[in-house]
>>> print(open('final35.cif').read())   # mmCIF, C-alpha atoms and all ligand atoms
data_my_file
loop_
_atom_site.label_atom_id
_atom_site.label_comp_id
_atom_site.auth_asym_id
_atom_site.auth_seq_id
_atom_site.Cartn_x
_atom_site.Cartn_y
_atom_site.Cartn_z
CA MET A 1 24.92 11.23 -18.90
CA ARG A 2 25.44 7.47 -19.01
CA ASP A 3 26.20 5.63 -15.76
CA LEU A 4 29.66 4.06 -16.07
CA ARG A 5 28.47 1.13 -13.95
CA GLU A 6 26.03 0.22 -16.75
CA LEU A 7 28.88 -0.53 -19.17
CA GLU A 8 30.27 -3.98 -19.83
CA GLU A 9 34.05 -4.39 -19.58
CA GLU A 10 34.20 -4.69 -23.40
CA GLU A 11 32.55 -1.26 -23.78
CA ILE A 12 34.98 0.23 -21.27
CA ARG A 13 37.85 -1.32 -23.26
CA GLU A 14 36.55 0.36 -26.42
CA PHE A 15 36.33 3.70 -24.65
CA VAL A 16 39.85 3.31 -23.25
CA SER A 17 41.21 2.43 -26.69
CA ALA A 18 39.47 5.48 -28.22
CA GLN A 19 41.44 7.57 -25.71
CA ASP A 20 44.71 5.93 -26.94
CA GLU A 21 45.20 4.22 -23.59
CA LYS A 22 46.46 0.68 -22.97
CA PRO A 23 43.80 -2.08 -22.65
CA PHE A 24 44.74 -2.87 -19.00
CA ARG A 25 43.24 0.49 -18.01
CA ALA A 26 39.79 -1.01 -18.57
CA ARG A 27 40.45 -3.63 -15.87
CA GLN A 28 41.68 -0.89 -13.51
CA ILE A 29 38.47 1.08 -14.10
CA MET A 30 36.37 -2.05 -13.44
CA GLU A 31 38.22 -2.57 -10.15
CA TRP A 32 37.58 1.00 -9.02
CA LEU A 33 33.91 0.67 -9.91
CA TRP A 34 33.17 -2.72 -8.42
CA LYS A 35 35.91 -4.04 -6.14
CA LYS A 36 36.66 -0.70 -4.48
CA SER A 37 33.17 0.76 -5.06
CA VAL A 38 34.52 4.22 -5.77
CA TYR A 39 32.25 6.77 -7.41
CA ASP A 40 34.56 9.76 -7.56
CA PHE A 41 36.82 9.88 -10.65
CA ASP A 42 39.44 11.82 -8.65
CA ARG A 43 39.96 8.84 -6.36
CA MET A 44 40.91 6.57 -9.29
CA SER A 45 44.51 7.35 -8.46
CA ASN A 46 46.28 4.86 -10.74
CA LEU A 47 44.64 6.28 -13.91
CA PRO A 48 46.32 9.07 -15.86
CA SER A 49 44.59 12.42 -15.30
CA SER A 50 43.75 12.70 -19.03
CA LEU A 51 41.77 9.43 -18.80
CA ARG A 52 40.03 10.56 -15.60
CA ASP A 53 39.06 13.82 -17.36
CA ALA A 54 37.68 11.92 -20.36
CA LEU A 55 35.66 9.65 -18.07
CA ARG A 56 34.31 12.63 -16.16
CA LYS A 57 33.22 14.34 -19.40
CA ASN A 58 31.37 11.29 -20.68
CA PHE A 59 30.00 9.41 -17.68
CA SER A 60 28.48 9.67 -14.24
CA ILE A 61 28.77 6.91 -11.60
CA SER A 62 25.67 5.81 -9.71
CA SER A 63 26.05 6.20 -5.98
CA LEU A 64 24.04 6.44 -2.79
CA THR A 65 24.78 8.16 0.48
CA VAL A 66 23.65 7.17 3.95
CA LYS A 67 20.97 9.69 4.79
CA THR A 68 19.22 8.15 7.77
CA GLU A 69 20.09 5.59 10.40
CA GLN A 70 18.01 3.93 13.12
CA VAL A 71 19.08 1.42 15.71
CA SER A 72 16.72 -1.10 17.26
CA THR A 73 16.93 -2.33 20.84
CA ASP A 74 17.83 -5.73 19.34
CA ARG A 75 20.87 -4.14 17.52
CA THR A 76 19.22 -4.32 14.10
CA ARG A 77 20.19 -1.21 12.13
CA LYS A 78 18.09 0.36 9.40
CA TYR A 79 19.56 2.74 6.83
CA GLY A 80 17.93 5.12 4.40
CA PHE A 81 20.09 5.64 1.34
CA SER A 82 19.56 8.62 -0.87
CA GLY A 83 20.34 8.76 -4.59
CA THR A 84 20.63 11.72 -6.91
CA ASP A 85 16.83 11.93 -7.32
CA GLY A 86 16.41 12.34 -3.53
CA ASN A 87 14.30 9.19 -3.07
CA LEU A 88 15.08 7.06 -0.06
CA VAL A 89 15.79 3.40 -0.42
CA GLU A 90 16.11 1.29 2.71
CA GLY A 91 18.48 -1.46 3.76
CA VAL A 92 18.70 -3.32 7.06
CA LEU A 93 21.54 -5.00 8.96
CA ILE A 94 20.49 -7.92 11.14
CA PRO A 95 23.20 -9.24 13.46
CA SER A 96 23.03 -12.61 15.17
CA ARG A 97 25.58 -14.57 17.16
CA GLN A 98 27.39 -15.92 14.13
CA ARG A 99 26.15 -13.86 11.23
CA VAL A 100 25.35 -10.43 9.91
CA THR A 101 22.60 -10.50 7.30
CA ALA A 102 21.95 -7.53 5.04
CA CYS A 103 18.44 -7.08 3.71
CA ILE A 104 18.54 -4.91 0.59
CA SER A 105 16.06 -3.28 -1.77
CA SER A 106 15.69 -3.74 -5.51
CA GLN A 107 13.11 -1.01 -6.22
CA ILE A 108 11.85 2.24 -4.76
CA GLY A 109 8.23 1.46 -3.91
CA CYS A 110 6.43 -1.48 -5.51
CA LEU A 111 3.55 -1.78 -7.93
CA LEU A 112 2.25 -5.09 -6.70
CA ASN A 113 0.20 -3.76 -3.84
CA CYS A 114 0.25 -6.70 -1.43
CA SER A 115 -2.14 -5.87 1.38
CA PHE A 116 0.28 -6.62 4.23
CA CYS A 117 3.21 -4.56 2.91
CA ALA A 118 4.20 -0.97 3.71
CA THR A 119 6.41 -0.60 0.62
CA SER A 120 3.40 -0.78 -1.68
CA LYS A 121 1.98 2.36 -0.04
CA LEU A 122 4.86 4.52 -1.35
CA LYS A 123 4.01 6.93 -4.15
CA ASN A 124 7.42 7.18 -5.83
CA ARG A 125 8.32 4.08 -7.75
CA ARG A 126 11.22 3.05 -9.91
CA ASN A 127 13.75 0.30 -10.45
CA LEU A 128 17.13 0.65 -8.81
CA THR A 129 20.10 0.39 -11.16
CA ALA A 130 22.59 -2.44 -10.74
CA GLY A 131 25.07 0.15 -9.45
CA GLU A 132 22.63 1.43 -6.81
CA ILE A 133 21.89 -2.10 -5.61
CA TYR A 134 25.59 -2.85 -5.44
CA VAL A 135 26.36 0.37 -3.56
CA GLN A 136 23.74 -0.54 -0.90
CA VAL A 137 25.64 -3.76 -0.28
CA SER A 138 29.01 -2.05 -0.16
CA LEU A 139 27.71 0.65 2.24
CA LEU A 140 26.10 -1.98 4.46
CA GLN A 141 29.37 -3.91 4.43
CA GLU A 142 31.17 -0.77 5.74
CA GLN A 143 28.52 -0.25 8.41
CA SER A 144 28.66 -3.89 9.45
CA LEU A 145 32.43 -3.70 9.92
CA ALA A 146 32.10 -0.44 11.85
CA TRP A 147 29.32 -1.54 14.24
CA TYR A 148 29.67 -5.30 14.59
CA GLY A 149 33.38 -5.71 13.81
CA ARG A 150 32.69 -8.18 10.99
CA GLY A 151 31.55 -8.10 7.38
CA LEU A 152 28.33 -9.40 5.86
CA SER A 153 27.82 -13.13 5.97
CA ASN A 154 24.47 -13.23 4.13
CA LEU A 155 22.51 -11.09 1.75
CA VAL A 156 18.77 -11.23 1.16
CA PHE A 157 16.78 -9.38 -1.50
CA MET A 158 13.81 -8.90 0.81
CA GLY A 159 13.75 -5.14 1.19
CA MET A 160 11.71 -2.71 -0.86
CA GLY A 161 10.44 -3.97 -4.22
CA GLU A 162 9.91 -7.19 -6.16
CA PRO A 163 13.35 -8.22 -7.45
CA LEU A 164 11.98 -10.20 -10.40
CA LEU A 165 10.38 -7.01 -11.77
CA ASN A 166 13.91 -5.60 -11.99
CA TYR A 167 15.47 -8.80 -13.30
CA GLU A 168 18.43 -7.54 -15.34
CA ASN A 169 19.64 -5.05 -12.75
CA VAL A 170 19.28 -7.48 -9.86
CA LEU A 171 21.18 -10.22 -11.71
CA ARG A 172 23.86 -7.79 -12.85
CA SER A 173 24.34 -6.60 -9.26
CA ILE A 174 24.57 -10.21 -8.04
CA HIS A 175 27.12 -10.90 -10.77
CA PHE A 176 29.40 -8.21 -9.33
CA ILE A 177 28.63 -9.05 -5.69
CA THR A 178 29.77 -12.63 -6.37
CA SER A 179 32.52 -12.14 -8.95
CA GLU A 180 36.21 -11.70 -8.30
CA THR A 181 35.97 -8.31 -10.04
CA GLY A 182 33.62 -7.27 -7.23
CA MET A 183 33.08 -8.49 -3.68
CA GLY A 184 33.67 -12.18 -4.27
CA MET A 185 30.78 -13.27 -2.01
CA SER A 186 29.59 -16.84 -2.47
CA PRO A 187 26.22 -17.02 -4.28
CA ARG A 188 25.13 -19.59 -1.68
CA ARG A 189 25.04 -16.77 0.83
CA ILE A 190 22.55 -14.80 -1.27
CA THR A 191 18.77 -15.26 -1.31
CA LEU A 192 16.39 -13.64 -3.74
CA SER A 193 12.88 -13.41 -2.37
CA THR A 194 9.91 -13.12 -4.71
CA VAL A 195 6.19 -12.88 -4.18
CA GLY A 196 5.91 -15.62 -6.81
CA LEU A 197 6.20 -14.26 -10.35
CA VAL A 198 6.01 -17.31 -12.57
CA GLU A 199 7.80 -15.88 -15.60
CA GLY A 200 10.66 -14.56 -13.45
CA ILE A 201 11.12 -17.90 -11.64
CA ASN A 202 11.18 -19.73 -14.99
CA ARG A 203 13.81 -17.26 -16.17
CA LEU A 204 15.95 -17.90 -13.06
CA ALA A 205 15.63 -21.62 -13.84
CA ARG A 206 16.71 -21.11 -17.47
CA ASP A 207 19.63 -18.96 -16.28
CA LYS A 208 20.58 -21.77 -13.86
CA VAL A 209 21.32 -19.29 -11.09
CA LYS A 210 23.44 -20.37 -8.14
CA PHE A 211 21.82 -18.26 -5.41
CA ASP A 212 18.87 -19.35 -3.28
CA LEU A 213 15.23 -18.63 -4.01
CA ALA A 214 12.64 -17.74 -1.39
CA VAL A 215 8.95 -17.49 -2.23
CA SER A 216 6.68 -15.32 -0.09
CA LEU A 217 3.80 -17.76 -0.09
CA HIS A 218 1.74 -16.69 2.95
CA THR A 219 -1.09 -19.10 2.09
CA ALA A 220 -1.40 -22.18 -0.09
CA ASN A 221 -5.04 -21.44 -0.83
CA ASN A 222 -5.38 -19.80 -4.24
CA GLU A 223 -8.50 -17.79 -3.49
CA LYS A 224 -7.17 -16.44 -0.19
CA ARG A 225 -3.81 -15.65 -1.76
CA SER A 226 -5.43 -13.47 -4.42
CA ARG A 227 -7.03 -11.47 -1.63
CA ILE A 228 -3.71 -10.41 -0.09
CA ILE A 229 -1.42 -10.65 -3.15
CA PRO A 230 -3.24 -9.22 -6.20
CA VAL A 231 -0.60 -10.52 -8.63
CA ASN A 232 -1.61 -14.06 -7.62
CA LYS A 233 -4.59 -13.68 -9.99
CA SER A 234 -2.25 -13.73 -12.99
CA ASN A 235 0.29 -16.05 -11.27
CA PRO A 236 -1.99 -18.64 -9.63
CA LEU A 237 -0.68 -21.38 -7.37
CA PRO A 238 -0.76 -24.23 -9.95
CA ALA A 239 1.44 -22.16 -12.30
CA LEU A 240 3.67 -21.12 -9.40
CA SER A 241 4.03 -24.76 -8.40
CA GLU A 242 5.18 -25.67 -11.94
CA ALA A 243 7.69 -22.81 -12.00
CA ILE A 244 9.12 -23.87 -8.63
CA GLN A 245 9.51 -27.45 -9.88
CA HIS A 246 11.21 -26.11 -13.01
CA PHE A 247 13.58 -24.03 -10.82
CA TYR A 248 14.43 -27.02 -8.65
CA GLY A 249 14.89 -29.25 -11.71
CA GLU A 250 17.40 -26.84 -13.29
CA THR A 251 19.30 -25.70 -10.19
CA GLY A 252 18.89 -28.48 -7.60
CA LEU A 253 18.45 -25.74 -4.96
CA ARG A 254 16.09 -26.16 -2.05
CA ILE A 255 13.30 -23.57 -1.98
CA THR A 256 12.48 -21.49 1.08
CA TYR A 257 8.85 -20.52 1.70
CA GLU A 258 8.15 -17.41 3.72
CA TYR A 259 4.85 -17.56 5.57
CA LEU A 260 3.57 -14.54 7.53
CA LEU A 261 1.14 -15.82 10.15
CA MET A 262 -1.96 -13.63 10.17
CA LYS A 263 -4.67 -14.05 12.77
CA ASP A 264 -7.79 -15.93 11.61
CA PHE A 265 -6.66 -15.65 8.01
CA ASN A 266 -3.96 -18.23 7.38
CA ASP A 267 -3.05 -19.57 10.84
CA GLY A 268 -5.47 -22.51 11.24
CA LEU A 269 -4.70 -26.21 10.96
CA ALA A 270 -6.59 -26.41 7.63
CA ASP A 271 -4.15 -23.76 6.33
CA ALA A 272 -1.19 -25.75 7.65
CA LYS A 273 -2.51 -28.84 5.82
CA GLU A 274 -2.80 -26.93 2.52
CA LEU A 275 0.70 -25.56 3.04
CA ALA A 276 2.18 -29.00 3.69
CA GLU A 277 0.53 -30.32 0.53
CA PHE A 278 1.77 -27.43 -1.63
CA CYS A 279 5.32 -27.63 -0.28
CA ARG A 280 5.67 -31.34 -0.96
CA ILE A 281 6.58 -30.65 -4.62
CA THR A 282 10.34 -30.15 -3.99
CA PRO A 283 12.77 -30.21 -1.06
CA CYS A 284 12.13 -27.05 0.91
CA LYS A 285 12.13 -25.28 4.21
CA ILE A 286 9.40 -23.12 5.67
CA ASN A 287 9.96 -19.94 7.65
CA LEU A 288 6.99 -18.99 9.80
CA ILE A 289 7.22 -15.25 10.37
CA GLU A 290 5.51 -13.11 12.90
CA TYR A 291 3.29 -10.60 11.08
CA ASN A 292 4.10 -6.94 11.73
CA GLU A 293 0.96 -4.90 11.61
CA VAL A 294 1.19 -2.23 8.92
CA GLU A 295 -0.83 0.99 8.80
CA GLY A 296 -3.98 0.61 6.68
CA SER A 297 -3.85 -3.21 6.60
CA MET A 298 -6.71 -5.44 7.83
CA GLN A 299 -4.43 -8.27 8.95
CA LYS A 300 -3.39 -8.85 12.56
CA LYS A 301 -0.66 -10.96 14.13
CA THR A 302 -1.42 -14.47 15.31
CA SER A 303 -1.15 -15.65 18.93
CA PRO A 304 1.89 -17.63 20.16
CA GLU A 305 -0.39 -20.65 20.86
CA ARG A 306 -1.78 -20.77 17.30
CA ARG A 307 1.72 -20.28 15.89
CA GLN A 308 3.02 -23.20 17.94
CA ALA A 309 0.10 -25.44 16.90
CA PHE A 310 0.71 -24.52 13.24
CA LYS A 311 4.38 -25.43 13.54
CA GLU A 312 3.66 -28.69 15.32
CA PHE A 313 1.29 -29.74 12.55
CA LEU A 314 4.00 -29.10 9.93
CA ASP A 315 6.56 -30.94 12.10
CA SER A 316 4.21 -33.91 12.20
CA ARG A 317 4.28 -33.92 8.37
CA ASN A 318 8.11 -33.97 8.47
CA MET A 319 8.51 -30.49 7.02
CA VAL A 320 11.61 -28.44 7.83
CA VAL A 321 10.11 -25.49 9.71
CA THR A 322 11.61 -22.55 11.58
CA ILE A 323 9.80 -19.85 13.49
CA ARG A 324 11.46 -16.56 12.58
CA ARG A 325 11.51 -13.94 15.25
CA SER A 326 10.89 -10.58 13.63
CA ARG A 327 13.80 -8.20 14.11
CA GLY A 328 13.86 -4.41 14.25
CA GLN A 329 10.11 -3.95 14.75
CA ASP A 330 10.58 -0.83 16.90
CA ILE A 331 12.28 0.96 13.97
CA ASP A 332 9.92 -0.36 11.23
CA ALA A 333 12.75 -2.51 9.88
CA ALA A 334 10.97 -5.84 10.11
CA CYS A 335 9.46 -7.85 7.27
CA GLY A 336 7.01 -5.81 5.19
CA GLN A 337 7.65 -2.59 7.13
CA LEU A 338 10.10 -0.81 4.81
CA ALA A 339 8.41 2.34 3.59
CA GLY A 340 11.04 5.06 3.38
CA ARG A 341 10.01 6.58 6.70
CA SER A 342 13.41 6.54 8.35
CA THR A 343 14.41 9.43 10.54
CA PRO A 344 17.38 11.66 9.69
CA ARG A 345 20.85 10.56 10.73
CA SER A 346 22.04 12.37 13.84
S1 LIG B 1 5.41 -7.72 -0.46
FE1 LIG B 1 6.99 -7.44 -2.02
S2 LIG B 1 5.86 -7.69 -3.96
FE2 LIG B 1 4.31 -7.27 -2.40
S3 LIG B 1 4.02 -5.04 -2.44
FE3 LIG B 1 5.58 -5.48 -0.86
S4 LIG B 1 7.54 -5.25 -1.93
FE4 LIG B 1 5.94 -5.48 -3.51
#
>>> encode(input="final35.cif", output="structure tokens", more="lines below")
Ligand code: SF4
Amino acid sequence: MRDLRELEEEEIREFVSAQDEKPFRARQIMEWLWKKSVYDFDRMSNLPSSLRDALRKNFSISSLTVKTEQVSTDRTRKYGFSGTDGNLVEGVLIPSRQRVTACISSQIGCLLNCSFCATSKLKNRRNLTAGEIYVQVSLLQEQSLAWYGRGLSNLVFMGMGEPLLNYENVLRSIHFITSETGMGMSPRRITLSTVGLVEGINRLARDKVKFDLAVSLHTANNEKRSRIIPVNKSNPLPALSEAIQHFYGETGLRITYEYLLMKDFNDGLADAKELAEFCRITPCKINLIEYNEVEGSMQKKTSPERRQAFKEFLDSRNMVVTIRRSRGQDIDAACGQLAGRSTPRS
């Protein structure tokens, strides 16, 4: 059965008209689907029962339910959402003094097999639908209000999966997250994080998107990068650099580089020099992230002294650099740790 959330408003209008209903019913259905995030036809209380019956006969509505929940000592909360196929997809709420950031997933599992990432170890793999992505955000919004007393201030596509491999669904979900028909969140509060897929970044540039782009760079040395990110072989750094310049040229948005500091791999001053040179191509900021050791990975976390020296070198080159403290490590909710291993909700 077709997912009603996959239909454009025009298609819903055609369906409504085929049921001899007034055109404004289509707008009401859109509001139930996106603004109110309802996935039960019976709750669409302002629709006539004949129209609800017709919808029920012809469509399903994608939804997720909160299946698991873990709370870190630092108040980070990780959720496992389950869909109709029983696969778990994970989302994380990260509170800080002024903000609540939701980290959401775009795929179950990931094909790209980066060596430092737990998601790539999952066997089940598929794209999430736009509806499933949207529902994660709406469920996290509810949880944020319930636990922190405030809604989401920021949204990052940094959970499970490579968002640019699920381009249409991710952009459709962002359309509804930002539009007045949906949540009305500002696109400037949304960041899409990619491992650096050149074609996808060029497409974002052509689409002149209004949300921020983060690139998981992790090293500015092409040969080293191919060792930890296999897709770098077909998306090498010179091509990535061109795509980033294209993105900046079309959108005017500052790029964020994510850099996981791994001991004796990418944490030396020669690495910092290569990074500073690569990042010079457009205005940018660099997030230095503590590496979270993942089962089966060779990489280890760097020492605080080497991390500080790395940062100071970049500071001396006038780069905008932040050291990001990893959150939710004790519940495997930190960067690169999402692997569908949450424990059941009590
Ligand atoms: S880091 Fe991102 S792109 Fe690489 S395997 Fe993990 S989810 Fe996929």
>>> closest_atom_pairs(input="final35.cif", of="chain A", to="ligand LIG 1 (chain B)", cutoff="12 Å", atoms="all atoms listed in the file", output="JSON lines")
{"residue": "A:Glu90", "atom": "CA", "partner": "B:LIG1", "partner_atom": "S4", "distance": 11.7}
{"residue": "A:Ile104", "atom": "CA", "partner": "B:LIG1", "partner_atom": "S4", "distance": 11.3}
{"residue": "A:Ser105", "atom": "CA", "partner": "B:LIG1", "partner_atom": "S4", "distance": 8.7}
{"residue": "A:Ser106", "atom": "CA", "partner": "B:LIG1", "partner_atom": "S4", "distance": 9.0}
{"residue": "A:Gln107", "atom": "CA", "partner": "B:LIG1", "partner_atom": "S4", "distance": 8.2}
{"residue": "A:Ile108", "atom": "CA", "partner": "B:LIG1", "partner_atom": "S4", "distance": 9.1}
{"residue": "A:Gly109", "atom": "CA", "partner": "B:LIG1", "partner_atom": "S4", "distance": 7.0}
{"residue": "A:Cys110", "atom": "CA", "partner": "B:LIG1", "partner_atom": "FE4", "distance": 4.5}
{"residue": "A:Leu111", "atom": "CA", "partner": "B:LIG1", "partner_atom": "FE4", "distance": 6.2}
{"residue": "A:Leu112", "atom": "CA", "partner": "B:LIG1", "partner_atom": "S3", "distance": 4.6}
{"residue": "A:Asn113", "atom": "CA", "partner": "B:LIG1", "partner_atom": "S3", "distance": 4.3}
{"residue": "A:Cys114", "atom": "CA", "partner": "B:LIG1", "partner_atom": "FE2", "distance": 4.2}
{"residue": "A:Ser115", "atom": "CA", "partner": "B:LIG1", "partner_atom": "S3", "distance": 7.3}
{"residue": "A:Phe116", "atom": "CA", "partner": "B:LIG1", "partner_atom": "S1", "distance": 7.0}
{"residue": "A:Cys117", "atom": "CA", "partner": "B:LIG1", "partner_atom": "FE3", "distance": 4.5}
{"residue": "A:Ala118", "atom": "CA", "partner": "B:LIG1", "partner_atom": "FE3", "distance": 6.6}
{"residue": "A:Thr119", "atom": "CA", "partner": "B:LIG1", "partner_atom": "FE3", "distance": 5.2}
{"residue": "A:Ser120", "atom": "CA", "partner": "B:LIG1", "partner_atom": "S3", "distance": 4.4}
{"residue": "A:Lys121", "atom": "CA", "partner": "B:LIG1", "partner_atom": "S3", "distance": 8.0}
{"residue": "A:Leu122", "atom": "CA", "partner": "B:LIG1", "partner_atom": "S3", "distance": 9.7}
{"residue": "A:Arg125", "atom": "CA", "partner": "B:LIG1", "partner_atom": "FE4", "distance": 10.7}
{"residue": "A:Arg126", "atom": "CA", "partner": "B:LIG1", "partner_atom": "FE4", "distance": 11.9}
{"residue": "A:Asn127", "atom": "CA", "partner": "B:LIG1", "partner_atom": "S4", "distance": 11.9}
{"residue": "A:Phe157", "atom": "CA", "partner": "B:LIG1", "partner_atom": "FE1", "distance": 10.0}
{"residue": "A:Met158", "atom": "CA", "partner": "B:LIG1", "partner_atom": "FE1", "distance": 7.5}
{"residue": "A:Gly159", "atom": "CA", "partner": "B:LIG1", "partner_atom": "S4", "distance": 7.0}
{"residue": "A:Met160", "atom": "CA", "partner": "B:LIG1", "partner_atom": "S4", "distance": 5.0}
{"residue": "A:Gly161", "atom": "CA", "partner": "B:LIG1", "partner_atom": "S4", "distance": 3.9}
{"residue": "A:Glu162", "atom": "CA", "partner": "B:LIG1", "partner_atom": "S2", "distance": 4.6}
{"residue": "A:Pro163", "atom": "CA", "partner": "B:LIG1", "partner_atom": "S2", "distance": 8.3}
{"residue": "A:Leu164", "atom": "CA", "partner": "B:LIG1", "partner_atom": "S2", "distance": 9.2}
{"residue": "A:Leu165", "atom": "CA", "partner": "B:LIG1", "partner_atom": "S2", "distance": 9.0}
{"residue": "A:Asn166", "atom": "CA", "partner": "B:LIG1", "partner_atom": "S2", "distance": 11.6}
{"residue": "A:Leu192", "atom": "CA", "partner": "B:LIG1", "partner_atom": "FE1", "distance": 11.4}
{"residue": "A:Ser193", "atom": "CA", "partner": "B:LIG1", "partner_atom": "FE1", "distance": 8.4}
{"residue": "A:Thr194", "atom": "CA", "partner": "B:LIG1", "partner_atom": "S2", "distance": 6.8}
{"residue": "A:Val195", "atom": "CA", "partner": "B:LIG1", "partner_atom": "S2", "distance": 5.2}
{"residue": "A:Gly196", "atom": "CA", "partner": "B:LIG1", "partner_atom": "S2", "distance": 8.4}
{"residue": "A:Leu197", "atom": "CA", "partner": "B:LIG1", "partner_atom": "S2", "distance": 9.2}
{"residue": "A:Ala214", "atom": "CA", "partner": "B:LIG1", "partner_atom": "FE1", "distance": 11.8}
{"residue": "A:Val215", "atom": "CA", "partner": "B:LIG1", "partner_atom": "FE1", "distance": 10.2}
{"residue": "A:Ser216", "atom": "CA", "partner": "B:LIG1", "partner_atom": "S1", "distance": 7.7}
{"residue": "A:Leu217", "atom": "CA", "partner": "B:LIG1", "partner_atom": "S1", "distance": 10.2}
{"residue": "A:His218", "atom": "CA", "partner": "B:LIG1", "partner_atom": "S1", "distance": 10.3}
{"residue": "A:Arg225", "atom": "CA", "partner": "B:LIG1", "partner_atom": "FE2", "distance": 11.7}
{"residue": "A:Ser226", "atom": "CA", "partner": "B:LIG1", "partner_atom": "FE2", "distance": 11.7}
{"residue": "A:Ile228", "atom": "CA", "partner": "B:LIG1", "partner_atom": "FE2", "distance": 8.9}
{"residue": "A:Ile229", "atom": "CA", "partner": "B:LIG1", "partner_atom": "FE2", "distance": 6.7}
{"residue": "A:Pro230", "atom": "CA", "partner": "B:LIG1", "partner_atom": "FE2", "distance": 8.7}
{"residue": "A:Val231", "atom": "CA", "partner": "B:LIG1", "partner_atom": "S2", "distance": 8.5}
{"residue": "A:Asn232", "atom": "CA", "partner": "B:LIG1", "partner_atom": "FE2", "distance": 10.4}
{"residue": "A:Glu258", "atom": "CA", "partner": "B:LIG1", "partner_atom": "S1", "distance": 10.9}
{"residue": "A:Tyr259", "atom": "CA", "partner": "B:LIG1", "partner_atom": "S1", "distance": 11.6}
{"residue": "A:Leu260", "atom": "CA", "partner": "B:LIG1", "partner_atom": "S1", "distance": 10.7}
{"residue": "A:Val294", "atom": "CA", "partner": "B:LIG1", "partner_atom": "FE3", "distance": 11.2}
{"residue": "A:Cys335", "atom": "CA", "partner": "B:LIG1", "partner_atom": "S1", "distance": 8.7}
{"residue": "A:Gly336", "atom": "CA", "partner": "B:LIG1", "partner_atom": "S1", "distance": 6.2}
{"residue": "A:Gln337", "atom": "CA", "partner": "B:LIG1", "partner_atom": "FE3", "distance": 8.7}
{"residue": "A:Leu338", "atom": "CA", "partner": "B:LIG1", "partner_atom": "S4", "distance": 8.5}
{"residue": "A:Ala339", "atom": "CA", "partner": "B:LIG1", "partner_atom": "S4", "distance": 9.4}
>>> atom_distance(input="final35.cif", atom1="CA of Leu253 in chain A", atom2="CA of Glu199 in chain A")
18.0 Å
>>> residues_near_point(input="final35.cif", point="(2.1, -23.8, 18.6)", cutoff="12 Å", atoms="all atoms listed in the file", output="list in words")
Leu261, Asp267, Gly268, Leu269, Ala272, Leu288, Thr302, Ser303, Pro304, Glu305, Arg306, Arg307, Gln308, Ala309, Phe310, Lys311, Glu312, Phe313, Leu314, Asp315, Thr322 and Ile323 of chain A
>>> closest_atom_pairs(input="final35.cif", of="range 60-175 of chain A", to="range 25-40 of chain A", cutoff="9 Å", atoms="only C-alpha atoms", output="JSON lines")
{"residue": "A:Ser60", "atom": "CA", "partner": "A:Tyr39", "partner_atom": "CA", "distance": 8.3}
{"residue": "A:Ile61", "atom": "CA", "partner": "A:Tyr39", "partner_atom": "CA", "distance": 5.4}
{"residue": "A:Ser62", "atom": "CA", "partner": "A:Tyr39", "partner_atom": "CA", "distance": 7.0}
{"residue": "A:Ser63", "atom": "CA", "partner": "A:Tyr39", "partner_atom": "CA", "distance": 6.4}
{"residue": "A:Gly131", "atom": "CA", "partner": "A:Trp34", "partner_atom": "CA", "distance": 8.7}
{"residue": "A:Tyr134", "atom": "CA", "partner": "A:Trp34", "partner_atom": "CA", "distance": 8.1}
{"residue": "A:Val135", "atom": "CA", "partner": "A:Ser37", "partner_atom": "CA", "distance": 7.0}
{"residue": "A:Ser138", "atom": "CA", "partner": "A:Ser37", "partner_atom": "CA", "distance": 7.0}
>>> write_last_selection(input="final35.cif", atoms="C-alpha atoms", output="PDB file, in the frame of the given file")
ATOM      1  CA  SER A  60      28.480   9.670 -14.240  1.00  0.00           C
ATOM      2  CA  ILE A  61      28.770   6.910 -11.600  1.00  0.00           C
ATOM      3  CA  SER A  62      25.670   5.810  -9.710  1.00  0.00           C
ATOM      4  CA  SER A  63      26.050   6.200  -5.980  1.00  0.00           C
ATOM      5  CA  GLY A 131      25.070   0.150  -9.450  1.00  0.00           C
ATOM      6  CA  TYR A 134      25.590  -2.850  -5.440  1.00  0.00           C
ATOM      7  CA  VAL A 135      26.360   0.370  -3.560  1.00  0.00           C
ATOM      8  CA  SER A 138      29.010  -2.050  -0.160  1.00  0.00           C
TER       9      SER A 138
END
>>> atom_distance(input="final35.cif", atom1="CA of His175 in chain A", atom2="CA of Glu132 in chain A")
13.7 Å
>>> atom_distance(input="final35.cif", atom1="CA of Ile133 in chain A", atom2="CA of Met185 in chain A")
14.7 Å
>>> closest_residue(input="final35.cif", among="A:Met319, A:Leu47, A:Ile190, A:Leu204", to="Ile174 in chain A", atoms="all atoms listed in the file")
A:Ile190
>>> closest_residue(input="final35.cif", among="A:Ala243, A:Ala276, A:Ala130, A:Leu140", to="Val198 in chain A", atoms="only C-alpha atoms")
A:Ala243
>>> axis_aligned_box(input="final35.cif", around="range 123-131 of chain A", padding_each_side="5 Å", output="lines of an AutoDock Vina configuration file")
center_x = 14.5
center_y = 2.4
center_z = -7.7
size_x = 31.1
size_y = 19.6
size_z = 17.0
>>> residues_around(input="final35.cif", residues="range 13-23 of chain A", least_positions_apart="6", cutoff="9 Å", atoms="all atoms listed in the file", output="list of chain:residue names")
A:Ser50, A:Leu51, A:Ala54, A:Leu55
>>> closest_residue(input="final35.cif", among="A:Asp271, A:Glu168, A:Asp212, A:Glu142", to="Gly200 in chain A", atoms="all atoms listed in the file")
A:Glu168
>>> residues_near_point(input="final35.cif", point="(22.2, 16.4, -4.5)", cutoff="12 Å", atoms="all atoms listed in the file", output="short mmCIF file (atom, residue, chain, number, x, y, z; two decimals) with C-alpha atoms, keeping the file's coordinate frame")
data_model
loop_
_atom_site.label_atom_id
_atom_site.label_comp_id
_atom_site.auth_asym_id
_atom_site.auth_seq_id
_atom_site.Cartn_x
_atom_site.Cartn_y
_atom_site.Cartn_z
CA SER A 63 26.05 6.20 -5.98
CA LEU A 64 24.04 6.44 -2.79
CA THR A 65 24.78 8.16 0.48
CA LYS A 67 20.97 9.69 4.79
CA SER A 82 19.56 8.62 -0.87
CA GLY A 83 20.34 8.76 -4.59
CA THR A 84 20.63 11.72 -6.91
CA ASP A 85 16.83 11.93 -7.32
CA GLY A 86 16.41 12.34 -3.53
CA ASN A 87 14.30 9.19 -3.07
#
